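target33.cif, holding mmCIF, C-alpha atoms and all ligand atoms:
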data_entry
#
loop_
_atom_site.group_PDB
_atom_site.id
_atom_site.type_symbol
_atom_site.label_atom_id
_atom_site.label_comp_id
_atom_site.auth_asym_id
_atom_site.auth_seq_id
_atom_site.Cartn_x
_atom_site.Cartn_y
_atom_site.Cartn_z
ATOM 1 C CA MET E 1 0.000 0.000 0.000
ATOM 2 C CA ILE E 2 1.087 3.564 -0.590
ATOM 3 C CA GLY E 3 1.913 5.296 2.702
ATOM 4 C CA ARG E 4 2.887 8.759 3.792
ATOM 5 C CA GLU E 5 6.536 9.457 3.281
ATOM 6 C CA HIS E 6 8.598 9.163 6.454
ATOM 7 C CA ILE E 7 11.328 11.787 6.857
ATOM 8 C CA ALA E 8 14.102 10.795 9.268
ATOM 9 C CA VAL E 9 14.266 13.220 12.201
ATOM 10 C CA LEU E 10 17.553 14.895 13.247
ATOM 11 C CA SER E 11 19.392 12.843 10.624
ATOM 12 C CA ARG E 12 22.329 15.261 10.250
ATOM 13 C CA GLU E 13 22.792 15.351 14.034
ATOM 14 C CA VAL E 14 22.675 11.538 14.199
ATOM 15 C CA CYS E 15 25.218 11.239 11.376
ATOM 16 C CA GLU E 16 27.607 13.762 12.889
ATOM 17 C CA ASN E 17 27.489 12.696 16.539
ATOM 18 C CA LEU E 18 26.802 9.003 16.856
ATOM 19 C CA ILE E 19 29.738 7.390 15.112
ATOM 20 C CA GLY E 20 32.803 7.298 17.366
ATOM 21 C CA THR E 21 36.318 6.528 16.178
ATOM 22 C CA GLY E 22 36.675 2.919 15.072
ATOM 23 C CA CYS E 23 32.914 2.349 14.866
ATOM 24 C CA LYS E 24 32.329 -0.679 12.655
ATOM 25 C CA VAL E 25 29.238 -2.539 13.838
ATOM 26 C CA PHE E 26 26.266 -0.217 14.277
ATOM 27 C CA VAL E 27 22.789 -1.269 15.352
ATOM 28 C CA ASP E 28 19.768 0.682 14.138
ATOM 29 C CA ALA E 29 17.300 -0.691 16.685
ATOM 30 C CA THR E 30 14.280 0.963 15.001
ATOM 31 C CA ILE E 31 15.190 0.851 11.331
ATOM 32 C CA GLY E 32 11.726 1.807 9.996
ATOM 33 C CA GLY E 33 12.199 2.950 6.397
ATOM 34 C CA ALA E 34 15.991 3.131 6.941
ATOM 35 C CA GLY E 35 16.167 6.929 6.615
ATOM 36 C CA HIS E 36 18.889 7.224 9.263
ATOM 37 C CA SER E 37 20.695 4.079 8.206
ATOM 38 C CA ILE E 38 21.090 5.061 4.571
ATOM 39 C CA GLY E 39 22.671 8.348 5.627
ATOM 40 C CA LEU E 40 25.109 6.524 7.897
ATOM 41 C CA LEU E 41 26.019 3.918 5.270
ATOM 42 C CA GLU E 42 26.634 6.607 2.651
ATOM 43 C CA ARG E 43 28.874 8.636 4.933
ATOM 44 C CA TYR E 44 30.816 5.916 6.772
ATOM 45 C CA ARG E 45 32.240 3.362 4.346
ATOM 46 C CA GLN E 46 33.578 1.074 7.110
ATOM 47 C CA LEU E 47 30.160 0.661 8.732
ATOM 48 C CA HIS E 48 28.086 -2.503 8.853
ATOM 49 C CA ILE E 49 24.537 -1.836 10.021
ATOM 50 C CA ILE E 50 22.291 -4.322 11.742
ATOM 51 C CA GLY E 51 18.752 -2.995 11.364
ATOM 52 C CA ILE E 52 15.996 -4.203 13.677
ATOM 53 C CA ASP E 53 12.259 -3.598 13.614
ATOM 54 C CA ARG E 54 9.293 -5.363 15.147
ATOM 55 C CA ASP E 55 7.127 -4.405 12.172
ATOM 56 C CA LYS E 56 7.462 -6.685 9.142
ATOM 57 C CA GLU E 57 6.255 -3.943 6.754
ATOM 58 C CA ALA E 58 8.964 -1.592 8.033
ATOM 59 C CA LEU E 59 11.637 -4.190 7.287
ATOM 60 C CA ASP E 60 10.258 -4.617 3.748
ATOM 61 C CA ARG E 61 10.623 -0.865 3.233
ATOM 62 C CA ALA E 62 14.102 -0.833 4.725
ATOM 63 C CA GLU E 63 15.148 -3.613 2.364
ATOM 64 C CA VAL E 64 14.076 -1.536 -0.642
ATOM 65 C CA THR E 65 15.835 1.608 0.651
ATOM 66 C CA LEU E 66 19.043 -0.285 1.367
ATOM 67 C CA LYS E 67 19.158 -2.443 -1.739
ATOM 68 C CA GLY E 68 22.411 -0.872 -2.919
ATOM 69 C CA TYR E 69 23.995 -1.689 0.466
ATOM 70 C CA SER E 70 22.970 -5.303 1.033
ATOM 71 C CA ASP E 71 26.616 -6.290 1.640
ATOM 72 C CA ARG E 72 26.822 -3.827 4.586
ATOM 73 C CA ALA E 73 23.323 -4.152 6.042
ATOM 74 C CA THR E 74 21.622 -7.016 7.868
ATOM 75 C CA LEU E 75 17.901 -6.743 8.620
ATOM 76 C CA LEU E 76 16.279 -8.629 11.484
ATOM 77 C CA ARG E 77 12.742 -8.750 12.824
ATOM 78 C CA GLY E 78 12.234 -8.458 16.564
ATOM 79 C CA ASN E 79 11.608 -6.256 19.574
ATOM 80 C CA PHE E 80 14.724 -4.355 20.654
ATOM 81 C CA ARG E 81 13.987 -5.443 24.235
ATOM 82 C CA ASP E 82 15.367 -8.815 23.034
ATOM 83 C CA LEU E 83 18.515 -7.215 21.613
ATOM 84 C CA ARG E 84 20.904 -9.807 23.060
ATOM 85 C CA GLN E 85 18.989 -12.738 21.582
ATOM 86 C CA ILE E 86 18.415 -10.986 18.229
ATOM 87 C CA LEU E 87 22.132 -10.219 17.794
ATOM 88 C CA GLY E 88 23.144 -13.577 19.280
ATOM 89 C CA GLY E 89 21.109 -15.256 16.532
ATOM 90 C CA ILE E 90 23.651 -14.003 13.980
ATOM 91 C CA GLY E 91 26.665 -14.513 16.243
ATOM 92 C CA VAL E 92 27.080 -10.846 17.261
ATOM 93 C CA THR E 93 27.855 -10.226 20.937
ATOM 94 C CA SER E 94 28.762 -6.514 20.935
ATOM 95 C CA MET E 95 28.359 -3.348 18.887
ATOM 96 C CA ASP E 96 30.148 -0.008 18.477
ATOM 97 C CA GLY E 97 27.071 2.192 18.291
ATOM 98 C CA ILE E 98 23.300 2.060 18.504
ATOM 99 C CA LEU E 99 20.356 4.290 17.611
ATOM 100 C CA PHE E 100 16.797 4.126 18.936
ATOM 101 C CA ASP E 101 14.408 6.401 17.018
ATOM 102 C CA LEU E 102 11.305 5.756 19.080
ATOM 103 C CA GLY E 103 7.607 5.683 18.292
ATOM 104 C CA ILE E 104 6.011 4.954 14.964
ATOM 105 C CA SER E 105 6.859 6.022 11.444
ATOM 106 C CA SER E 106 4.640 8.044 9.117
ATOM 107 C CA TYR E 107 4.082 4.872 7.078
ATOM 108 C CA GLN E 108 2.521 3.161 10.065
ATOM 109 C CA LEU E 109 0.061 6.024 10.454
ATOM 110 C CA SER E 110 -1.453 4.989 7.145
ATOM 111 C CA ALA E 111 -0.974 1.247 7.546
ATOM 112 C CA GLY E 112 -4.634 0.525 8.315
ATOM 113 C CA ARG E 113 -3.974 -0.399 11.939
ATOM 114 C CA GLY E 114 -5.824 2.410 13.684
ATOM 115 C CA PHE E 115 -2.808 4.509 14.719
ATOM 116 C CA SER E 116 -4.387 7.609 13.227
ATOM 117 C CA PHE E 117 -7.643 9.154 14.465
ATOM 118 C CA ASN E 118 -8.241 10.741 11.092
ATOM 119 C CA ASP E 119 -8.795 7.445 9.308
ATOM 120 C CA ASP E 120 -11.593 4.937 9.455
ATOM 121 C CA GLU E 121 -9.377 2.088 10.523
ATOM 122 C CA GLY E 122 -9.802 -0.863 12.831
ATOM 123 C CA LEU E 123 -8.580 -0.218 16.375
ATOM 124 C CA ASP E 124 -5.455 -2.342 16.372
ATOM 125 C CA MET E 125 -2.280 -0.287 17.055
ATOM 126 C CA ARG E 126 0.073 -3.275 17.182
ATOM 127 C CA MET E 127 3.495 -2.596 15.691
ATOM 128 C CA ASP E 128 4.059 -6.349 15.530
ATOM 129 C CA THR E 129 0.896 -8.016 14.248
ATOM 130 C CA ARG E 130 1.969 -11.285 15.933
ATOM 131 C CA ASP E 131 1.360 -9.716 19.360
ATOM 132 C CA VAL E 132 -1.903 -10.543 21.093
ATOM 133 C CA LEU E 133 -3.110 -7.334 22.779
ATOM 134 C CA THR E 134 -4.852 -4.740 20.569
ATOM 135 C CA ALA E 135 -6.333 -1.306 21.249
ATOM 136 C CA TYR E 136 -9.734 -2.813 20.416
ATOM 137 C CA GLU E 137 -9.347 -5.219 23.313
ATOM 138 C CA ILE E 138 -8.384 -2.463 25.771
ATOM 139 C CA VAL E 139 -11.164 -0.106 24.695
ATOM 140 C CA ASN E 140 -13.888 -2.749 24.572
ATOM 141 C CA SER E 141 -13.067 -5.068 27.439
ATOM 142 C CA PHE E 142 -10.833 -3.388 30.048
ATOM 143 C CA ARG E 143 -12.477 -1.991 33.181
ATOM 144 C CA GLN E 144 -13.238 1.741 33.199
ATOM 145 C CA GLU E 145 -10.685 2.420 35.996
ATOM 146 C CA GLU E 146 -7.998 0.505 34.108
ATOM 147 C CA ILE E 147 -8.643 2.528 30.934
ATOM 148 C CA ALA E 148 -8.452 5.734 33.001
ATOM 149 C CA ARG E 149 -5.138 4.578 34.488
ATOM 150 C CA ILE E 150 -3.667 3.856 31.051
ATOM 151 C CA LEU E 151 -4.728 7.275 29.724
ATOM 152 C CA TYR E 152 -3.331 9.026 32.774
ATOM 153 C CA GLU E 153 -0.031 7.139 33.053
ATOM 154 C CA TYR E 154 0.870 6.762 29.377
ATOM 155 C CA GLY E 155 -0.858 9.810 27.907
ATOM 156 C CA GLU E 156 -0.458 12.217 30.836
ATOM 157 C CA GLU E 157 -4.121 12.899 30.074
ATOM 158 C CA TRP E 158 -5.593 14.841 32.991
ATOM 159 C CA GLN E 159 -9.126 14.236 31.695
ATOM 160 C CA SER E 160 -8.514 10.479 31.794
ATOM 161 C CA ARG E 161 -11.495 9.683 34.040
ATOM 162 C CA ARG E 162 -14.007 11.621 31.933
ATOM 163 C CA ILE E 163 -12.732 10.020 28.746
ATOM 164 C CA ALA E 164 -12.758 6.512 30.266
ATOM 165 C CA LYS E 165 -16.334 7.093 31.430
ATOM 166 C CA ALA E 166 -17.381 8.209 27.936
ATOM 167 C CA ILE E 167 -15.727 5.124 26.415
ATOM 168 C CA PHE E 168 -17.477 2.910 28.939
ATOM 169 C CA GLU E 169 -20.898 4.484 28.302
ATOM 170 C CA ASN E 170 -20.512 4.300 24.533
ATOM 171 C CA ARG E 171 -19.483 0.692 24.506
ATOM 172 C CA ARG E 172 -22.713 -0.256 26.262
ATOM 173 C CA LYS E 173 -24.468 0.812 23.053
ATOM 174 C CA GLY E 174 -22.192 -1.372 20.941
ATOM 175 C CA ARG E 175 -18.561 -2.179 20.284
ATOM 176 C CA ILE E 176 -16.184 0.696 19.472
ATOM 177 C CA SER E 177 -14.496 -0.703 16.419
ATOM 178 C CA THR E 178 -12.712 2.060 14.534
ATOM 179 C CA ALA E 179 -10.137 4.690 15.332
ATOM 180 C CA ARG E 180 -12.502 7.345 14.035
ATOM 181 C CA GLU E 181 -15.271 6.262 16.424
ATOM 182 C CA LEU E 182 -12.908 6.393 19.374
ATOM 183 C CA ALA E 183 -11.576 9.817 18.343
ATOM 184 C CA ALA E 184 -15.156 11.130 18.119
ATOM 185 C CA ILE E 185 -15.995 9.815 21.604
ATOM 186 C CA VAL E 186 -12.962 11.581 23.059
ATOM 187 C CA ALA E 187 -13.798 14.772 21.163
ATOM 188 C CA SER E 188 -17.331 14.678 22.598
ATOM 189 C CA VAL E 189 -15.991 15.151 26.140
ATOM 190 C CA LYS E 190 -12.758 17.035 25.566
ATOM 191 C CA LYS E 191 -12.457 20.440 23.920
ATOM 192 C CA LYS E 192 -9.935 21.025 21.186
ATOM 193 C CA THR E 193 -7.130 23.356 22.219
ATOM 194 C CA GLY E 194 -5.138 24.946 19.417
ATOM 195 C CA ARG E 195 -4.329 22.683 16.476
ATOM 196 C CA ILE E 196 -3.846 19.520 18.514
ATOM 197 C CA HIS E 197 -6.608 16.904 18.149
ATOM 198 C CA PRO E 198 -8.337 16.233 21.508
ATOM 199 C CA ALA E 199 -7.689 12.480 21.145
ATOM 200 C CA THR E 200 -3.911 12.832 20.700
ATOM 201 C CA LYS E 201 -3.038 11.855 24.275
ATOM 202 C CA THR E 202 -5.584 9.019 24.322
ATOM 203 C CA PHE E 203 -4.102 7.536 21.148
ATOM 204 C CA GLN E 204 -0.553 7.924 22.457
ATOM 205 C CA ALA E 205 -1.520 6.164 25.696
ATOM 206 C CA LEU E 206 -3.232 3.246 23.971
ATOM 207 C CA ARG E 207 -0.322 2.779 21.570
ATOM 208 C CA ILE E 208 2.160 2.749 24.446
ATOM 209 C CA ALA E 209 0.052 0.212 26.359
ATOM 210 C CA VAL E 210 -0.566 -2.072 23.362
ATOM 211 C CA ASN E 211 3.121 -2.211 22.464
ATOM 212 C CA ASP E 212 4.496 -2.003 26.023
ATOM 213 C CA GLU E 213 6.729 0.754 24.716
ATOM 214 C CA LEU E 214 8.110 1.872 28.078
ATOM 215 C CA GLY E 215 8.946 -1.677 29.189
ATOM 216 C CA SER E 216 10.689 -2.324 25.867
ATOM 217 C CA LEU E 217 12.653 0.905 26.136
ATOM 218 C CA SER E 218 13.811 0.170 29.652
ATOM 219 C CA GLU E 219 15.043 -3.342 28.787
ATOM 220 C CA GLY E 220 16.415 -2.237 25.411
ATOM 221 C CA MET E 221 18.532 0.532 26.979
ATOM 222 C CA ASP E 222 19.915 -1.802 29.675
ATOM 223 C CA THR E 223 21.032 -4.417 27.174
ATOM 224 C CA ALA E 224 22.364 -1.834 24.732
ATOM 225 C CA VAL E 225 24.632 -0.315 27.383
ATOM 226 C CA GLN E 226 25.917 -3.781 28.312
ATOM 227 C CA LEU E 227 26.689 -4.722 24.691
ATOM 228 C CA LEU E 228 28.348 -1.433 23.666
ATOM 229 C CA THR E 229 32.123 -1.573 23.228
ATOM 230 C CA PRO E 230 34.176 1.088 25.114
ATOM 231 C CA GLY E 231 33.977 4.354 23.172
ATOM 232 C CA GLY E 232 30.737 3.170 21.535
ATOM 233 C CA ARG E 233 27.788 5.561 21.501
ATOM 234 C CA ILE E 234 24.109 5.185 22.206
ATOM 235 C CA GLY E 235 21.679 7.728 20.744
ATOM 236 C CA ILE E 236 17.981 7.879 21.530
ATOM 237 C CA ILE E 237 15.385 10.075 19.825
ATOM 238 C CA THR E 238 12.208 10.510 21.885
ATOM 239 C CA PHE E 239 8.916 12.195 21.029
ATOM 240 C CA HIS E 240 7.257 12.680 24.405
ATOM 241 C CA SER E 241 8.225 13.536 27.947
ATOM 242 C CA LEU E 242 7.666 10.068 29.462
ATOM 243 C CA GLU E 243 10.313 8.547 27.227
ATOM 244 C CA ASP E 244 12.647 11.521 27.411
ATOM 245 C CA ARG E 245 12.605 11.446 31.219
ATOM 246 C CA MET E 246 13.432 7.732 31.207
ATOM 247 C CA VAL E 247 16.368 8.227 28.850
ATOM 248 C CA LYS E 248 17.730 11.267 30.688
ATOM 249 C CA GLN E 249 17.624 9.504 34.066
ATOM 250 C CA ARG E 250 18.987 6.225 32.692
ATOM 251 C CA PHE E 251 21.978 7.987 31.104
ATOM 252 C CA ARG E 252 22.693 10.118 34.187
ATOM 253 C CA LYS E 253 22.676 7.347 36.753
ATOM 254 C CA ASP E 254 24.919 4.929 34.838
ATOM 255 C CA SER E 255 28.606 5.155 35.791
ATOM 256 C CA ALA E 256 29.447 3.133 32.658
ATOM 257 C CA LEU E 257 28.317 6.083 30.511
ATOM 258 C CA THR E 258 29.483 9.618 29.817
ATOM 259 C CA VAL E 259 26.626 11.847 28.729
ATOM 260 C CA LEU E 260 27.579 13.771 25.571
ATOM 261 C CA THR E 261 24.384 15.846 25.474
ATOM 262 C CA PRO E 262 23.839 17.601 28.836
ATOM 263 C CA LYS E 263 20.938 19.256 27.034
ATOM 264 C CA ALA E 264 19.001 17.227 24.485
ATOM 265 C CA ILE E 265 19.596 18.092 20.822
ATOM 266 C CA ARG E 266 16.423 19.602 19.326
ATOM 267 C CA PRO E 267 15.550 20.148 15.673
ATOM 268 C CA GLY E 268 15.975 23.650 14.301
ATOM 269 C CA ILE E 269 13.122 25.767 12.989
ATOM 270 C CA ASP E 270 13.871 24.817 9.363
ATOM 271 C CA GLU E 271 13.595 21.110 10.099
ATOM 272 C CA ILE E 272 10.324 21.616 11.992
ATOM 273 C CA ARG E 273 8.933 23.648 9.102
ATOM 274 C CA SER E 274 9.731 20.971 6.561
ATOM 275 C CA ASN E 275 8.816 18.074 8.881
ATOM 276 C CA PRO E 276 6.271 19.043 11.573
ATOM 277 C CA ARG E 277 6.591 15.549 13.133
ATOM 278 C CA ALA E 278 10.055 16.652 14.302
ATOM 279 C CA ARG E 279 8.707 19.390 16.604
ATOM 280 C CA SER E 280 8.736 17.291 19.783
ATOM 281 C CA ALA E 281 11.886 15.283 18.996
ATOM 282 C CA LYS E 282 14.813 15.182 21.428
ATOM 283 C CA LEU E 283 18.086 13.380 20.803
ATOM 284 C CA ARG E 284 20.271 12.313 23.731
ATOM 285 C CA ILE E 285 23.653 10.657 23.264
ATOM 286 C CA ALA E 286 25.989 8.917 25.704
ATOM 287 C CA GLU E 287 29.344 7.162 25.293
ATOM 288 C CA LYS E 288 30.393 3.903 26.953
ATOM 289 C CA ASN E 289 33.430 4.395 29.198
HETATM 290 C C1 LIG A 1 10.216 6.511 14.119
HETATM 291 S S1 LIG A 1 10.272 4.990 13.289
HETATM 292 C C2 LIG A 1 11.943 4.849 12.789
HETATM 293 C C3 LIG A 1 12.225 5.540 11.496
HETATM 294 C C4 LIG A 1 13.628 5.333 10.974
HETATM 295 N N1 LIG A 1 14.640 5.843 11.878
HETATM 296 C C5 LIG A 1 13.788 5.969 9.613
HETATM 297 O O1 LIG A 1 14.586 6.893 9.477
HETATM 298 O O2 LIG A 1 13.095 5.547 8.667
HETATM 299 C C6 LIG A 1 10.238 3.832 14.599
HETATM 300 C C7 LIG A 1 10.294 2.393 14.140
HETATM 301 O O3 LIG A 1 10.642 1.615 15.280
HETATM 302 C C8 LIG A 1 9.879 0.450 15.327
HETATM 303 N N2 LIG A 1 9.816 0.076 16.740
HETATM 304 C C9 LIG A 1 9.212 0.729 17.747
HETATM 305 N N3 LIG A 1 9.399 0.095 18.904
HETATM 306 C C10 LIG A 1 10.163 -0.998 18.638
HETATM 307 C C11 LIG A 1 10.703 -2.039 19.431
HETATM 308 N N4 LIG A 1 10.477 -2.112 20.738
HETATM 309 N N5 LIG A 1 11.476 -2.960 18.828
HETATM 310 C C12 LIG A 1 11.717 -2.895 17.482
HETATM 311 N N6 LIG A 1 11.206 -1.955 16.688
HETATM 312 C C13 LIG A 1 10.443 -1.005 17.247
HETATM 313 C C14 LIG A 1 8.560 0.831 14.702
HETATM 314 O O4 LIG A 1 7.913 -0.299 14.170
HETATM 315 C C15 LIG A 1 8.988 1.825 13.625
HETATM 316 O O5 LIG A 1 9.192 1.204 12.386
#
Mind converting the file's structure to structure tokens?
Amino acid sequence: MIGREHIAVLSREVCENLIGTGCKVFVDATIGGAGHSIGLLERYRQLHIIGIDRDKEALDRAEVTLKGYSDRATLLRGNFRDLRQILGGIGVTSMDGILFDLGISSYQLSAGRGFSFNDDEGLDMRMDTRDVLTAYEIVNSFRQEEIARILYEYGEEWQSRRIAKAIFENRRKGRISTARELAAIVASVKKKTGRIHPATKTFQALRIAVNDELGSLSEGMDTAVQLLTPGGRIGIITFHSLEDRMVKQRFRKDSALTVLTPKAIRPGIDEIRSNPRARSAKLRIAEKN
């Protein structure tokens, strides 16, 4: 299917700051459409990239993007929380650099899985379609208090209780089966402020819960730090404060790391103008001692 084009965020900053001296094996833990990876492969001739994604469609896209580099790129399907096992499967036990570009890609927004409230799509939201839990399941069968908790914890949605109540009342009339229906229910109890859709935080929260994004990030970071060679760098691009806080604290508390970005790197105004998705991006980088 034809999807929206995904533009890699902060790609110049990633290219210029993530490859330390002697970096040979680099892991792109969220390869997506390979926007970052192609830039790295073009610039650093010595690099071999291992690209991971939990979404099969993303890997298919990456393969097309990287077809001229198949001798220097290996693509693997999996969740980066299982980094050790994924790399171990091809006999790799360490790496010289790693990038996590979190969240979903623009392609996934139009993948027919209910990530976008603008489309009439089934409420799914799984990045890996082999996983069991879907947004449909949460919205239609979780208890009202549990839905409120998810919206509050993962969406920082202060109207979580009102929204959960509206979901609960609506589902008594019948199943809530599309993203559009859910977005309309949220909009019926929450006013729009500025240009942001009232269901933005609800959708973020459900996506995080369905894909256990915070649990994956926590385990993925731990393993990545263990597997990095001395002098190797870890870079993480986040798109919301929950993730950014986790990364900032994780980097700070680890005596095995030197933080190279005391302040997160943010996109400039030109990048935000040409790619509005970049507006909330923050890149943090640390080096293994
Ligand atoms: C923002 S996109 C990456 C875009 C990519 N950097 C590019 O330039 O095209 C994030 C990608 O990470 C994948 N992803 C998210 N969480 C993951 C996880 N825990 N394990 C593996 N892949 C994950 C998503 O499926 C998505 O394709």
Would you work out the distance separating CA of Glu13 (chain E) from CA of Leu283 (chain E), expressed in Å to one decimal?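 Value for the CA of Glu13 (chain E)-CA of Leu283 (chain E) distance: 8.5 Å.
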Counting all atoms listed in the file, figure out which residue out of E:Asp128, E:Glu146, E:Asp71, E:Glu5 gets nearest to Leu206 (chain E). E:Glu146
Using all atoms listed in the file, which residues sit within 9 Å of Asp28 (chain E) once same-chain residues fewer than 5 positions away are excluded, as a CSV table (one decimal) with C-alpha atoms, in the frame of the given file?
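This is the output file selection_36.csv:
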chain,number,residue,atom,x,y,z
E,34,ALA,CA,16.0,3.1,6.9
E,36,HIS,CA,18.9,7.2,9.3
E,37,SER,CA,20.7,4.1,8.2
E,49,ILE,CA,24.5,-1.8,10.0
E,50,ILE,CA,22.3,-4.3,11.7
E,51,GLY,CA,18.8,-3.0,11.4
E,52,ILE,CA,16.0,-4.2,13.7
E,53,ASP,CA,12.3,-3.6,13.6
E,97,GLY,CA,27.1,2.2,18.3
E,98,ILE,CA,23.3,2.1,18.5
E,99,LEU,CA,20.4,4.3,17.6
E,100,PHE,CA,16.8,4.1,18.9
E,101,ASP,CA,14.4,6.4,17.0
Select the residues contacting ligand LIG 1 (chain A) at a distance of at most 9 Å, based on all atoms listed in the file, then format the selection as a ChimeraX atom specification. /E:6-9,11,28-38,52-59,61-62,77-83,99-108,126-128,211-217,220,237-238
Point-to-point distance from CA of Arg43 (chain E) to CA of Val27 (chain E), Å rounded to tenths: 15.6 Å
Run through the PyMOL selection byres (((chain E and resi 276) around 12) and not hetatm) on the given coordinates and return the selected residues as an NGL selection string. :E and (6-9 or 106 or 239 or 267-275 or 277-281)
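Residues in contact with Val210 (chain E) at 9 Å, where all atoms listed in the file are counted and same-chain residues fewer than 4 positions away are skipped, are listed as Asp124, Met125, Arg126, Met127, Asp131, Val132, Leu133, Thr134, Ala135, Ile138, Ala205 and Leu206 of chain E.
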Could you state which residues are captured by the PyMOL selection byres (((chain E and resi 170) around 12) and not hetatm) in this file, as a list of chain:residue names? E:Val139, E:Asn140, E:Gln144, E:Ile163, E:Ala164, E:Lys165, E:Ala166, E:Ile167, E:Phe168, E:Glu169, E:Arg171, E:Arg172, E:Lys173, E:Gly174, E:Arg175, E:Ile176, E:Ser177, E:Glu181, E:Leu182, E:Ala184, E:Ile185, E:Val186, E:Ser188, E:Val189
Same residues, C-alpha atoms, output as a CSV table (one decimal), in the coordinates of the input:
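The result, stored in selection.csv:
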chain,number,residue,atom,x,y,z
E,139,VAL,CA,-11.2,-0.1,24.7
E,140,ASN,CA,-13.9,-2.7,24.6
E,144,GLN,CA,-13.2,1.7,33.2
E,163,ILE,CA,-12.7,10.0,28.7
E,164,ALA,CA,-12.8,6.5,30.3
E,165,LYS,CA,-16.3,7.1,31.4
E,166,ALA,CA,-17.4,8.2,27.9
E,167,ILE,CA,-15.7,5.1,26.4
E,168,PHE,CA,-17.5,2.9,28.9
E,169,GLU,CA,-20.9,4.5,28.3
E,171,ARG,CA,-19.5,0.7,24.5
E,172,ARG,CA,-22.7,-0.3,26.3
E,173,LYS,CA,-24.5,0.8,23.1
E,174,GLY,CA,-22.2,-1.4,20.9
E,175,ARG,CA,-18.6,-2.2,20.3
E,176,ILE,CA,-16.2,0.7,19.5
E,177,SER,CA,-14.5,-0.7,16.4
E,181,GLU,CA,-15.3,6.3,16.4
E,182,LEU,CA,-12.9,6.4,19.4
E,184,ALA,CA,-15.2,11.1,18.1
E,185,ILE,CA,-16.0,9.8,21.6
E,186,VAL,CA,-13.0,11.6,23.1
E,188,SER,CA,-17.3,14.7,22.6
E,189,VAL,CA,-16.0,15.2,26.1
Which polymer residues have any atom within 12 Å of an atom of region 89-95 of chain E, counting all atoms listed in the file, with same-chain residues fewer than 6 positions away left out, as a PyMOL selection string? chain E and resi 19-20+22-29+47-50+74-78+82-83+223-234+288
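Interatomic distance, CA of Ser255 (chain E) against CA of Ile86 (chain E): 25.9 Å.
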Could you spell out the hits of the PyMOL selection byres (((chain E and resi 265) around 6) and not hetatm) on the shown file, as a short mmCIF file (atom, residue, chain, number, x, y, z; two decimals) with C-alpha atoms, keeping the file's coordinate frame?
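File written: expr07.cif
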data_model
loop_
_atom_site.label_atom_id
_atom_site.label_comp_id
_atom_site.auth_asym_id
_atom_site.auth_seq_id
_atom_site.Cartn_x
_atom_site.Cartn_y
_atom_site.Cartn_z
CA ALA E 264 19.00 17.23 24.48
CA ARG E 266 16.42 19.60 19.33
CA LYS E 282 14.81 15.18 21.43
CA LEU E 283 18.09 13.38 20.80
#
Proximity to Asp222 (chain E) - best of E:Glu137, E:Glu153, E:Asp254, E:Glu16, all atoms listed in the file: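 Going through E:Glu137, E:Glu153, E:Asp254, E:Glu16 one by one, the smallest distance to Asp222 (chain E) is for E:Asp254.
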Nearby residues, (-6.1, 0.6, 9.0) file frame, 8 Å, all atoms listed in the file, as a list in words: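 Taken together, the residues in range are Ser110, Ala111, Gly112, Arg113, Gly114, Phe115, Asp119, Asp120, Glu121, Gly122, Leu123 and Asp124 of chain E.
Proximity to Leu18 (chain E) was assessed for E:Ser241, E:Thr200, E:Asn118, E:Thr261 counting all atoms listed in the file; the smallest distance is recorded for E:Thr261.
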Please report, as lines of an AutoDock Vina configuration file, the centre and edge lengths in Å to one decimal of an axis-aligned box covering all listed atoms of region 181-188 of chain E with 6 Å per side.
center_x = -14.5
center_y = 10.5
center_z = 19.7
size_x = 17.8
size_y = 20.5
size_z = 18.6
